file my_file28.txt (compact mmCIF, C-alpha atoms)
# COMPACT_ATOMS: atom_id res chain seq x y z
CA MET A 225 60.79 37.96 -62.20
CA SER A 226 59.74 38.80 -65.75
CA MET A 227 62.43 40.21 -68.09
CA ASP A 228 59.91 42.90 -68.95
CA LYS A 229 60.26 45.02 -65.83
CA ASN A 230 56.86 46.55 -66.48
CA LYS A 231 54.90 43.36 -66.03
CA LEU A 232 54.84 40.89 -63.18
CA THR A 233 54.27 37.26 -64.14
CA ALA A 234 51.86 34.73 -62.65
CA GLU A 235 54.93 33.19 -61.01
CA ASP A 236 55.76 36.52 -59.36
CA PHE A 237 52.26 36.83 -57.94
CA GLU A 238 52.41 33.24 -56.65
CA ALA A 239 55.52 34.23 -54.70
CA MET A 240 53.37 36.67 -52.69
CA PRO A 241 50.71 34.55 -50.93
CA THR A 242 50.59 36.88 -47.89
CA LEU A 243 50.88 40.63 -47.32
CA GLY A 244 54.25 40.16 -45.63
CA ASP A 245 55.52 38.40 -48.74
CA ILE A 246 54.62 41.47 -50.82
CA ALA A 247 57.09 43.53 -48.77
CA ARG A 248 59.75 40.81 -49.02
CA PHE A 249 59.32 40.22 -52.77
CA HIS A 250 59.53 43.84 -53.89
CA ALA A 251 62.41 44.59 -51.49
CA LYS A 252 64.41 42.11 -53.57
CA ALA A 253 62.88 42.88 -57.00
CA ARG A 254 62.94 46.70 -56.85
CA PRO A 255 64.67 47.75 -53.59
CA ASP A 256 65.20 51.39 -54.51
CA SER A 257 61.80 52.06 -56.11
CA ILE A 258 59.37 54.11 -54.01
CA ALA A 259 56.65 52.05 -52.34
CA LEU A 260 54.83 54.87 -50.54
CA THR A 261 54.96 58.64 -50.51
CA PHE A 262 53.18 60.68 -47.86
CA GLU A 263 53.48 64.42 -47.25
CA GLY A 264 57.09 64.63 -48.40
CA ARG A 265 58.20 61.30 -46.93
CA ASP A 266 59.28 58.67 -49.47
CA THR A 267 59.73 55.03 -48.43
CA SER A 268 61.52 52.63 -50.78
CA PHE A 269 60.42 49.00 -51.05
CA LYS A 270 63.62 47.95 -49.24
CA GLN A 271 62.88 50.37 -46.39
CA PHE A 272 59.23 49.32 -46.32
CA ASP A 273 60.33 45.71 -45.80
CA LEU A 274 62.71 46.70 -42.97
CA ASN A 275 60.12 48.98 -41.34
CA THR A 276 57.48 46.24 -41.44
CA ASN A 277 59.99 43.83 -39.88
CA GLN A 278 60.45 46.34 -37.05
CA VAL A 279 56.68 46.65 -36.60
CA ALA A 280 56.36 42.85 -36.48
CA ASN A 281 59.12 42.55 -33.87
CA ALA A 282 57.73 45.49 -31.85
CA LEU A 283 54.30 43.82 -31.72
CA THR A 284 55.89 40.61 -30.45
CA ALA A 285 57.88 42.61 -27.85
CA SER A 286 54.61 44.30 -26.80
CA GLY A 287 53.15 40.86 -26.07
CA VAL A 288 50.70 40.75 -29.01
CA LYS A 289 50.17 37.14 -30.10
CA LYS A 290 49.34 35.62 -33.48
CA GLY A 291 45.60 35.87 -34.13
CA GLN A 292 45.11 38.87 -31.83
CA ARG A 293 43.85 42.20 -33.16
CA ILE A 294 45.42 45.65 -33.10
CA ALA A 295 43.30 48.74 -33.78
CA TYR A 296 44.09 51.88 -35.75
CA ILE A 297 41.98 55.02 -35.37
CA GLY A 298 43.13 57.82 -37.63
CA LYS A 299 43.30 59.28 -41.10
CA ASN A 300 45.33 57.77 -43.94
CA SER A 301 49.09 57.53 -43.51
CA ASP A 302 52.04 55.61 -44.95
CA HIS A 303 52.69 54.44 -41.38
CA TYR A 304 49.27 52.78 -41.33
CA PHE A 305 50.37 50.50 -44.19
CA GLU A 306 53.64 49.77 -42.37
CA LEU A 307 51.61 48.79 -39.32
CA PHE A 308 49.19 46.68 -41.38
CA PHE A 309 51.86 44.78 -43.33
CA GLY A 310 54.12 44.46 -40.26
CA ALA A 311 51.27 42.95 -38.25
CA SER A 312 50.67 40.53 -41.12
CA LYS A 313 54.24 39.23 -40.83
CA VAL A 314 53.46 37.83 -37.36
CA GLY A 315 49.84 36.84 -38.00
CA VAL A 316 48.39 39.80 -36.07
CA VAL A 317 45.10 41.15 -37.46
CA MET A 318 44.65 44.83 -38.36
CA VAL A 319 41.40 46.54 -37.30
CA PRO A 320 41.13 50.00 -38.92
CA ILE A 321 38.38 52.07 -37.31
CA GLY A 322 36.82 55.01 -39.17
CA TRP A 323 38.02 58.32 -37.77
CA ARG A 324 34.65 59.98 -38.40
CA LEU A 325 32.79 57.60 -36.07
CA ALA A 326 31.45 58.72 -32.70
CA PRO A 327 33.47 57.60 -29.63
CA ALA A 328 30.66 55.18 -28.66
CA GLU A 329 30.91 53.49 -32.08
CA MET A 330 34.70 53.30 -31.81
CA ALA A 331 34.33 51.85 -28.29
CA TYR A 332 32.05 49.09 -29.61
CA MET A 333 34.64 48.06 -32.23
CA LEU A 334 37.49 48.16 -29.71
CA SER A 335 35.51 45.97 -27.31
CA ASP A 336 34.41 43.57 -30.06
CA SER A 337 37.96 43.15 -31.44
CA GLU A 338 39.58 42.91 -27.99
CA ALA A 339 42.62 44.79 -29.32
CA PRO A 340 45.42 45.09 -26.71
CA LEU A 341 47.03 47.99 -28.64
CA VAL A 342 45.36 50.94 -30.34
CA PHE A 343 47.29 53.26 -32.66
CA ILE A 344 45.87 56.78 -32.67
CA GLY A 345 46.21 59.52 -35.29
CA PRO A 346 46.66 63.14 -34.11
CA GLU A 347 43.32 64.33 -35.51
CA VAL A 348 41.21 62.00 -33.35
CA GLN A 349 43.19 61.75 -30.15
CA LYS A 350 40.43 63.10 -27.90
CA GLU A 351 37.71 60.89 -29.43
CA ALA A 352 39.91 57.78 -29.43
CA LEU A 353 40.89 58.19 -25.77
CA GLN A 354 37.20 58.69 -24.91
CA ALA A 355 36.43 55.48 -26.86
CA ILE A 356 39.05 53.60 -24.83
CA ASP A 357 37.40 54.88 -21.62
CA GLU A 358 33.98 53.73 -22.84
CA SER A 359 35.15 50.33 -24.09
CA ASP A 360 35.09 47.04 -22.17
CA ILE A 361 38.87 46.65 -22.54
CA THR A 362 41.95 48.67 -21.57
CA PRO A 363 44.20 48.74 -24.65
CA ASN A 364 47.53 50.57 -24.55
CA PRO A 365 47.49 53.68 -26.79
CA ILE A 366 50.37 54.47 -29.17
CA PHE A 367 50.25 57.90 -30.81
CA MET A 368 51.03 57.84 -34.53
CA GLU A 369 52.69 61.22 -34.96
CA ALA A 370 54.01 61.90 -31.46
CA THR A 371 57.76 62.58 -31.56
CA ASP A 372 58.47 61.35 -28.01
CA GLU A 373 58.64 57.82 -26.58
CA THR A 374 54.82 57.48 -26.73
CA GLY A 375 54.97 57.75 -30.53
CA PHE A 376 54.76 55.12 -33.25
CA VAL A 377 58.23 55.81 -34.69
CA ALA A 378 59.97 55.43 -31.31
CA TRP A 379 58.00 52.23 -30.65
CA ARG A 380 58.85 50.84 -34.10
CA ASP A 381 62.51 51.83 -34.11
CA ALA A 382 63.22 50.21 -30.74
CA ALA A 383 62.79 46.83 -32.51
CA ALA A 384 65.17 44.88 -34.74
CA THR A 385 64.99 45.05 -38.55
CA THR A 386 65.45 41.28 -38.91
CA ASP A 387 62.61 39.29 -40.47
CA PRO A 388 60.48 37.78 -37.66
CA ASP A 389 60.32 34.50 -39.62
CA ILE A 390 56.92 33.48 -38.23
CA GLU A 391 54.83 31.09 -40.32
CA VAL A 392 51.78 32.91 -41.67
CA ASN A 393 49.38 31.08 -43.98
CA GLU A 394 47.25 32.58 -46.72
CA SER A 395 44.21 31.22 -44.84
CA ASP A 396 45.08 33.36 -41.78
CA VAL A 397 42.99 36.49 -41.16
CA ALA A 398 44.85 39.69 -42.13
CA ILE A 399 42.28 42.44 -41.53
CA GLN A 400 38.97 42.83 -39.73
CA LEU A 401 36.93 45.59 -41.38
CA TYR A 402 33.68 46.70 -39.85
CA THR A 403 30.66 47.00 -42.12
CA SER A 404 28.50 50.11 -42.09
CA GLY A 405 25.97 48.50 -39.76
CA THR A 406 22.89 49.95 -41.45
CA THR A 407 20.47 47.44 -39.90
CA GLY A 408 22.17 46.82 -36.55
CA ARG A 409 25.62 46.69 -35.02
CA PRO A 410 28.51 46.80 -37.53
CA LYS A 411 29.88 43.33 -38.27
CA GLY A 412 33.61 42.63 -38.22
CA ALA A 413 34.31 41.09 -41.64
CA MET A 414 37.38 38.87 -41.29
CA LEU A 415 39.40 38.85 -44.50
CA THR A 416 42.27 36.41 -45.00
CA HIS A 417 45.42 36.99 -47.02
CA ASN A 418 43.93 34.81 -49.74
CA ASN A 419 40.66 36.78 -49.68
CA LEU A 420 42.69 39.94 -50.29
CA LEU A 421 45.19 38.56 -52.82
CA GLY A 422 43.73 35.42 -54.44
CA GLY A 423 41.30 37.28 -56.68
CA ARG A 424 43.99 39.82 -57.56
CA ARG A 425 46.26 36.97 -58.75
CA GLU A 426 43.49 35.51 -60.90
CA ALA A 427 42.55 38.92 -62.30
CA ALA A 428 46.18 39.56 -63.25
CA ASP A 429 46.07 36.47 -65.49
CA SER A 430 42.84 37.44 -67.20
CA GLY A 431 44.29 40.01 -69.60
CA MET A 432 42.07 42.94 -68.58
CA GLU A 433 44.08 45.99 -69.56
CA TRP A 434 42.69 48.20 -66.78
CA ASN A 435 43.96 45.69 -64.22
CA GLU A 436 47.51 45.48 -65.57
CA TRP A 437 50.09 47.42 -63.61
CA GLY A 438 53.75 48.24 -64.05
CA PRO A 439 56.32 49.81 -61.72
CA ASP A 440 55.87 53.05 -63.69
CA ASP A 441 52.28 53.28 -62.48
CA VAL A 442 51.46 55.69 -59.68
CA SER A 443 48.41 55.05 -57.53
CA LEU A 444 46.48 57.61 -55.46
CA VAL A 445 45.22 56.21 -52.15
CA ALA A 446 42.64 58.82 -51.17
CA MET A 447 39.65 56.86 -49.87
CA PRO A 448 39.59 56.24 -46.08
CA ILE A 449 41.55 53.20 -44.85
CA GLY A 450 38.68 52.25 -42.53
CA HIS A 451 36.90 51.17 -45.73
CA ILE A 452 37.90 48.43 -48.20
CA GLY A 453 38.18 51.19 -50.84
CA GLY A 454 41.13 52.65 -48.93
CA SER A 455 42.94 49.67 -47.39
CA GLY A 456 42.15 47.40 -50.35
CA TRP A 457 43.25 49.90 -52.97
CA GLY A 458 46.49 50.52 -51.07
CA ILE A 459 47.20 46.77 -51.15
CA VAL A 460 46.62 46.55 -54.93
CA GLY A 461 49.32 49.12 -55.72
CA LEU A 462 51.88 47.56 -53.36
CA PHE A 463 51.09 44.05 -54.67
CA ASN A 464 51.91 45.28 -58.18
CA GLY A 465 55.10 47.06 -57.14
CA ALA A 466 53.73 50.50 -57.99
CA LYS A 467 54.27 53.74 -56.10
CA GLY A 468 51.37 54.62 -53.77
CA VAL A 469 50.73 58.29 -53.06
CA VAL A 470 48.84 58.35 -49.76
CA ALA A 471 46.47 61.28 -49.17
CA ARG A 472 45.73 61.97 -45.49
CA GLU A 473 42.08 62.41 -46.39
CA PHE A 474 39.95 63.01 -49.45
CA ASP A 475 40.17 66.66 -50.46
CA PRO A 476 38.77 67.39 -53.94
CA LEU A 477 41.05 70.38 -54.44
CA LYS A 478 44.15 68.39 -53.50
CA VAL A 479 43.23 65.46 -55.78
CA LEU A 480 43.97 67.65 -58.79
CA ASP A 481 47.26 68.75 -57.20
CA PHE A 482 48.22 65.08 -56.61
CA ILE A 483 47.42 64.19 -60.23
CA GLU A 484 49.56 67.06 -61.46
CA GLU A 485 52.48 66.73 -59.04
CA PHE A 486 52.86 62.94 -58.94
CA ARG A 487 51.52 62.08 -62.41
CA ILE A 488 48.91 59.72 -60.97
CA SER A 489 48.03 56.94 -63.42
CA LYS A 490 45.35 55.03 -61.45
CA MET A 491 42.95 55.88 -58.67
CA PHE A 492 39.75 54.69 -57.05
CA MET A 493 36.95 57.09 -56.14
CA VAL A 494 33.30 57.11 -55.29
CA PRO A 495 30.99 58.95 -57.76
CA ALA A 496 30.17 61.76 -55.30
CA ALA A 497 33.91 62.50 -54.98
CA LEU A 498 34.37 62.42 -58.76
CA GLN A 499 31.59 64.97 -59.16
CA ILE A 500 33.32 67.42 -56.82
CA VAL A 501 36.71 66.96 -58.48
CA VAL A 502 35.54 67.26 -62.09
CA ARG A 503 33.67 70.51 -61.36
CA GLN A 504 36.64 72.35 -59.85
CA GLU A 505 37.68 75.34 -61.95
CA LYS A 506 41.23 73.97 -61.93
CA ALA A 507 40.05 70.77 -63.69
CA LYS A 508 39.96 72.78 -66.94
CA THR A 509 43.73 73.40 -66.86
CA VAL A 510 45.25 70.21 -65.39
CA ASP A 511 47.27 67.87 -67.63
CA PHE A 512 45.46 64.54 -67.27
CA SER A 513 47.63 62.69 -69.80
CA PRO A 514 49.31 60.42 -67.16
CA LEU A 515 45.88 59.15 -66.00
CA LYS A 516 45.15 55.74 -67.49
CA TYR A 517 42.15 54.56 -65.47
CA ILE A 518 39.78 55.75 -62.80
CA LEU A 519 37.97 52.98 -60.95
CA TYR A 520 34.71 53.97 -59.29
CA GLY A 521 32.14 52.25 -57.16
CA ALA A 522 30.27 52.13 -53.80
CA SER A 523 27.21 53.80 -55.38
CA PRO A 524 25.64 54.20 -58.84
CA ILE A 525 26.97 56.94 -61.12
CA PRO A 526 24.57 59.16 -63.12
CA LEU A 527 25.17 58.71 -66.84
CA ASP A 528 25.63 62.47 -67.42
CA LEU A 529 28.30 62.60 -64.72
CA LEU A 530 30.15 59.63 -66.22
CA ARG A 531 30.12 61.31 -69.66
CA GLU A 532 31.35 64.57 -68.14
CA CYS A 533 34.20 62.76 -66.33
CA MET A 534 35.20 60.84 -69.46
CA GLU A 535 35.37 64.08 -71.40
CA VAL A 536 37.38 66.01 -68.78
CA PHE A 537 39.77 63.29 -67.59
CA GLY A 538 40.14 61.58 -70.98
CA CYS A 539 41.01 58.21 -69.42
CA GLY A 540 39.38 54.81 -69.07
CA PHE A 541 36.64 54.31 -66.48
CA VAL A 542 36.03 51.02 -64.71
CA GLN A 543 32.94 50.34 -62.64
CA GLN A 544 33.59 48.29 -59.52
CA TYR A 545 30.97 46.46 -57.53
CA GLY A 546 31.51 44.71 -54.26
CA MET A 547 31.19 44.82 -50.52
CA THR A 548 33.43 44.59 -47.47
CA GLU A 549 33.03 40.81 -47.23
CA THR A 550 34.18 40.34 -50.85
CA CYS A 551 37.21 42.67 -50.53
CA GLY A 552 35.61 45.28 -52.78

call {"tool": "encode", "arguments": {"input": "my_file28.txt", "output": "structure tokens"}}
result
Amino acid sequence: MSMDKNKLTAEDFEAMPTLGDIARFHAKARPDSIALTFEGRDTSFKQFDLNTNQVANALTASGVKKGQRIAYIGKNSDHYFELFFGASKVGVVMVPIGWRLAPAEMAYMLSDSEAPLVFIGPEVQKEALQAIDESDITPNPIFMEATDETGFVAWRDAAATTDPDIEVNESDVAIQLYTSGTTGRPKGAMLTHNNLLGGRREAADSGMEWNEWGPDDVSLVAMPIGHIGGSGWGIVGLFNGAKGVVAREFDPLKVLDFIEEFRISKMFMVPAALQIVVRQEKAKTVDFSPLKYILYGASPIPLDLLRECMEVFGCGFVQQYGMTETCG
């Protein structure tokens, strides 16, 4: 690793060809640094690596094979990223399904992905169970925040913390994200580890200041994980060894609280969200000095709004353009 602890080298990034390798690398490089924080729960990089090992081993014990899909229906959570990266360690593909979808839409994605396990957040339990009933398959449900034996934590912690040591290639699919389906059925875009990380490695070498991260950076993961803007942005922070503050859902009032409490330095938002945040009364009194860059995309931004945001936030703004199939 680089002697300058604030900057990973090209060699460091090459040591992380898959999502599972990200957990392994940072567990060694910065074991005690916080990887994820969620509603008062902090997870160090060392613990994140062990937790993802447990997820990987629990999936194997549940009979899920390499190349199969698992589904997640729920709001954002640190445990979602544990599930995602743990699945990646055994070549199992994550399928995050938007929690705002109707049960019939969820059922279509469950049927299409043929997921034998579906992990369900507490806010959408009724809709998710209805979706299972309406789907063509009979996946086993695991409830994310249940505290009994039906819950995610009990399922995870019944497994060993040893590395599963399964060969996963960067050409293997890591996540299947469904497109918005504006002209027909949503399409399951299959993104490999290299799709997700290859461009990030190249961008890190290109000397663009907005894309340079250090372990002192703090990222806000507020966009929904059923979208590349949520899952993809969460990956970027972890890849760079930065702390990720996970917001259960986008709440414009809480965004300002997150910035203030955690000294957020980078975040990704859509213009409509930025407009709500910048016009809160509280925005006039928040200390935005830790904010270095706000990345925005998914729709055009009116010039007056961009100027207003630049004036209030006083940080750099970076326009992003992309789509699900190009990893954002």

call {"tool": "closest_residue", "arguments": {"input": "my_file28.txt", "among": "A:Tyr402, A:Trp323, A:Phe482, A:Phe376", "to": "A:Glu306", "atoms": "only C-alpha atoms"}}
result
A:Phe376

call {"tool": "closest_atom_pairs", "arguments": {"input": "my_file28.txt", "of": "stretch 452-510 of chain A", "to": "stretch 308-315 of chain A", "cutoff": "12 Å", "atoms": "only C-alpha atoms", "output": "tab-separated table"}}
result
residue	atom	partner	partner_atom	distance
A:Ser455	CA	A:Phe308	CA	9.2
A:Gly456	CA	A:Phe308	CA	11.4
A:Gly458	CA	A:Phe308	CA	10.8
A:Ile459	CA	A:Phe309	CA	9.3
A:Leu462	CA	A:Phe309	CA	10.4
A:Phe463	CA	A:Phe309	CA	11.4

call {"tool": "closest_residue", "arguments": {"input": "my_file28.txt", "among": "A:Leu527, A:Met447, A:Ala234, A:Val469", "to": "A:Phe492", "atoms": "all atoms listed in the file"}}
result
A:Met447

call {"tool": "residues_near_point", "arguments": {"input": "my_file28.txt", "point": "(60.5, 58.3, -50.3)", "cutoff": "12 Å", "atoms": "only C-alpha atoms", "output": "list in words"}}
result
Pro255, Asp256, Ser257, Ile258, Ala259, Leu260, Thr261, Phe262, Glu263, Gly264, Arg265, Asp266, Thr267, Ser268, Phe269, Lys270, Gln271, Phe272, Asp302, Lys467, Gly468, Val469 and Val470 of chain A

call {"tool": "atom_distance", "arguments": {"input": "my_file28.txt", "atom1": "atom CA of A:Ser404", "atom2": "atom CA of A:Ala355"}}
result
18.0 Å

call {"tool": "atom_distance", "arguments": {"input": "my_file28.txt", "atom1": "atom CA of A:Thr276", "atom2": "atom CA of A:Thr385"}}
result
8.1 Å

call {"tool": "residues_around", "arguments": {"input": "my_file28.txt", "residues": "A:Gln278", "least_positions_apart": "3", "cutoff": "8 Å", "atoms": "all atoms listed in the file", "output": "list in words"}}
result
Leu274, Asn275, Asn281, Ala282, Gly310, Arg380, Asp381, Ala382, Ala383, Ala384, Thr385 and Thr386 of chain A

call {"tool": "residues_around", "arguments": {"input": "my_file28.txt", "residues": "stretch 530-537 of chain A", "least_positions_apart": "4", "cutoff": "10 Å", "atoms": "all atoms listed in the file", "output": "list in words"}}
result
Pro495, Leu498, Gln499, Val501, Val502, Arg503, Ala507, Lys508, Thr509, Val510, Asp511, Phe512, Ser513, Pro514, Leu515, Lys516, Tyr517, Ile518, Ile525, Pro526 and Phe541 of chain A

call {"tool": "residues_near_point", "arguments": {"input": "my_file28.txt", "point": "(33.6, 47.9, -63.2)", "cutoff": "9 Å", "atoms": "all atoms listed in the file", "output": "ChimeraX atom specification"}}
result
/A:519-521,541-545

call {"tool": "residues_around", "arguments": {"input": "my_file28.txt", "residues": "A:Pro320", "least_positions_apart": "4", "cutoff": "7 Å", "atoms": "only C-alpha atoms", "output": "number ranges by chain"}}
result
A: 295-297, 401, 449-450

call {"tool": "closest_residue", "arguments": {"input": "my_file28.txt", "among": "A:Asp528, A:Asp273, A:Glu426, A:Glu485", "to": "A:Arg254", "atoms": "all atoms listed in the file"}}
result
A:Asp273

call {"tool": "closest_residue", "arguments": {"input": "my_file28.txt", "among": "A:Pro388, A:Gly423, A:Pro363, A:Gly461", "to": "A:Trp437", "atoms": "all atoms listed in the file"}}
result
A:Gly461

call {"tool": "residues_around", "arguments": {"input": "my_file28.txt", "residues": "A:Phe367", "least_positions_apart": "4", "cutoff": "12 Å", "atoms": "all atoms listed in the file", "output": "list of chain:residue names"}}
result
A:Ala295, A:Tyr296, A:Ile297, A:Gly298, A:His303, A:Tyr304, A:Leu341, A:Val342, A:Phe343, A:Ile344, A:Gly345, A:Pro346, A:Glu347, A:Val348, A:Gln349, A:Lys350, A:Ala352, A:Leu353, A:Thr371, A:Asp372, A:Glu373, A:Thr374, A:Gly375, A:Phe376, A:Val377, A:Ala378, A:Trp379, A:Arg380

call {"tool": "atom_distance", "arguments": {"input": "my_file28.txt", "atom1": "atom CA of A:Lys411", "atom2": "atom CA of A:Asp360"}}
result
17.3 Å

call {"tool": "closest_residue", "arguments": {"input": "my_file28.txt", "among": "A:Leu421, A:Leu477, A:Val392, A:Leu325", "to": "A:Met240", "atoms": "only C-alpha atoms"}}
result
A:Leu421

call {"tool": "closest_residue", "arguments": {"input": "my_file28.txt", "among": "A:Ala522, A:Ala398, A:Leu444, A:Ile452", "to": "A:Lys478", "atoms": "all atoms listed in the file"}}
result
A:Leu444

call {"tool": "residues_around", "arguments": {"input": "my_file28.txt", "residues": "A:Glu235", "least_positions_apart": "4", "cutoff": "12 Å", "atoms": "all atoms listed in the file", "output": "PyMOL selection string"}}
result
chain A and resi 225-226+231+239-241+249+425-426+428-429

call {"tool": "decode", "arguments": {"input": "my_file28.txt", "residues": "stretch 446-454 of chain A", "atoms": "all heavy atoms", "output": "PDB file, in the first residue's frame"}}
result
ATOM      1  N   ALA A 446     -27.275   7.658   0.088  1.00  0.00           N
ATOM      2  CA  ALA A 446     -28.673   8.011   0.356  1.00  0.00           C
ATOM      3  C   ALA A 446     -29.627   7.628  -0.768  1.00  0.00           C
ATOM      4  O   ALA A 446     -30.835   7.558  -0.563  1.00  0.00           O
ATOM      5  CB  ALA A 446     -28.786   9.517   0.632  1.00  0.00           C
ATOM      6  N   MET A 447     -29.100   7.392  -1.959  1.00  0.00           N
ATOM      7  CA  MET A 447     -29.966   6.988  -3.070  1.00  0.00           C
ATOM      8  C   MET A 447     -30.322   5.503  -2.915  1.00  0.00           C
ATOM      9  O   MET A 447     -29.558   4.738  -2.346  1.00  0.00           O
ATOM     10  CB  MET A 447     -29.270   7.244  -4.412  1.00  0.00           C
ATOM     11  CG  MET A 447     -28.983   8.722  -4.717  1.00  0.00           C
ATOM     12  SD  MET A 447     -30.481   9.690  -5.059  1.00  0.00           S
ATOM     13  CE  MET A 447     -30.700  10.580  -3.505  1.00  0.00           C
ATOM     14  N   PRO A 448     -31.483   5.066  -3.419  1.00  0.00           N
ATOM     15  CA  PRO A 448     -31.933   3.689  -3.181  1.00  0.00           C
ATOM     16  C   PRO A 448     -31.022   2.635  -3.805  1.00  0.00           C
ATOM     17  O   PRO A 448     -30.572   2.784  -4.939  1.00  0.00           O
ATOM     18  CB  PRO A 448     -33.335   3.650  -3.792  1.00  0.00           C
ATOM     19  CG  PRO A 448     -33.413   4.823  -4.705  1.00  0.00           C
ATOM     20  CD  PRO A 448     -32.480   5.854  -4.169  1.00  0.00           C
ATOM     21  N   ILE A 449     -30.783   1.549  -3.052  1.00  0.00           N
ATOM     22  CA  ILE A 449     -29.857   0.502  -3.503  1.00  0.00           C
ATOM     23  C   ILE A 449     -30.428  -0.331  -4.660  1.00  0.00           C
ATOM     24  O   ILE A 449     -29.685  -1.070  -5.297  1.00  0.00           O
ATOM     25  CB  ILE A 449     -29.389  -0.408  -2.338  1.00  0.00           C
ATOM     26  CG1 ILE A 449     -30.558  -0.896  -1.486  1.00  0.00           C
ATOM     27  CG2 ILE A 449     -28.387   0.334  -1.479  1.00  0.00           C
ATOM     28  CD1 ILE A 449     -31.233  -2.101  -1.981  1.00  0.00           C
ATOM     29  N   GLY A 450     -31.709  -0.190  -4.943  1.00  0.00           N
ATOM     30  CA  GLY A 450     -32.284  -0.856  -6.106  1.00  0.00           C
ATOM     31  C   GLY A 450     -31.888  -0.179  -7.408  1.00  0.00           C
ATOM     32  O   GLY A 450     -32.225  -0.641  -8.491  1.00  0.00           O
ATOM     33  N   HIS A 451     -31.141   0.915  -7.306  1.00  0.00           N
ATOM     34  CA  HIS A 451     -30.700   1.725  -8.436  1.00  0.00           C
ATOM     35  C   HIS A 451     -29.166   1.747  -8.410  1.00  0.00           C
ATOM     36  O   HIS A 451     -28.556   1.671  -7.347  1.00  0.00           O
ATOM     37  CB  HIS A 451     -31.273   3.144  -8.259  1.00  0.00           C
ATOM     38  CG  HIS A 451     -31.031   4.072  -9.396  1.00  0.00           C
ATOM     39  ND1 HIS A 451     -29.853   4.764  -9.543  1.00  0.00           N
ATOM     40  CD2 HIS A 451     -31.827   4.443 -10.438  1.00  0.00           C
ATOM     41  CE1 HIS A 451     -29.926   5.529 -10.639  1.00  0.00           C
ATOM     42  NE2 HIS A 451     -31.116   5.348 -11.193  1.00  0.00           N
ATOM     43  N   ILE A 452     -28.541   1.886  -9.566  1.00  0.00           N
ATOM     44  CA  ILE A 452     -27.074   1.939  -9.631  1.00  0.00           C
ATOM     45  C   ILE A 452     -26.533   3.121  -8.807  1.00  0.00           C
ATOM     46  O   ILE A 452     -25.422   3.058  -8.267  1.00  0.00           O
ATOM     47  CB  ILE A 452     -26.563   2.005 -11.108  1.00  0.00           C
ATOM     48  CG1 ILE A 452     -25.034   1.792 -11.179  1.00  0.00           C
ATOM     49  CG2 ILE A 452     -26.979   3.295 -11.796  1.00  0.00           C
ATOM     50  CD1 ILE A 452     -24.550   0.445 -10.760  1.00  0.00           C
ATOM     51  N   GLY A 453     -27.336   4.184  -8.684  1.00  0.00           N
ATOM     52  CA  GLY A 453     -26.919   5.345  -7.895  1.00  0.00           C
ATOM     53  C   GLY A 453     -26.771   5.042  -6.412  1.00  0.00           C
ATOM     54  O   GLY A 453     -26.067   5.751  -5.701  1.00  0.00           O
ATOM     55  N   GLY A 454     -27.431   3.983  -5.931  1.00  0.00           N
ATOM     56  CA  GLY A 454     -27.298   3.588  -4.532  1.00  0.00           C
ATOM     57  C   GLY A 454     -26.257   2.499  -4.355  1.00  0.00           C
ATOM     58  O   GLY A 454     -25.264   2.675  -3.651  1.00  0.00           O
TER      59      GLY A 454
END
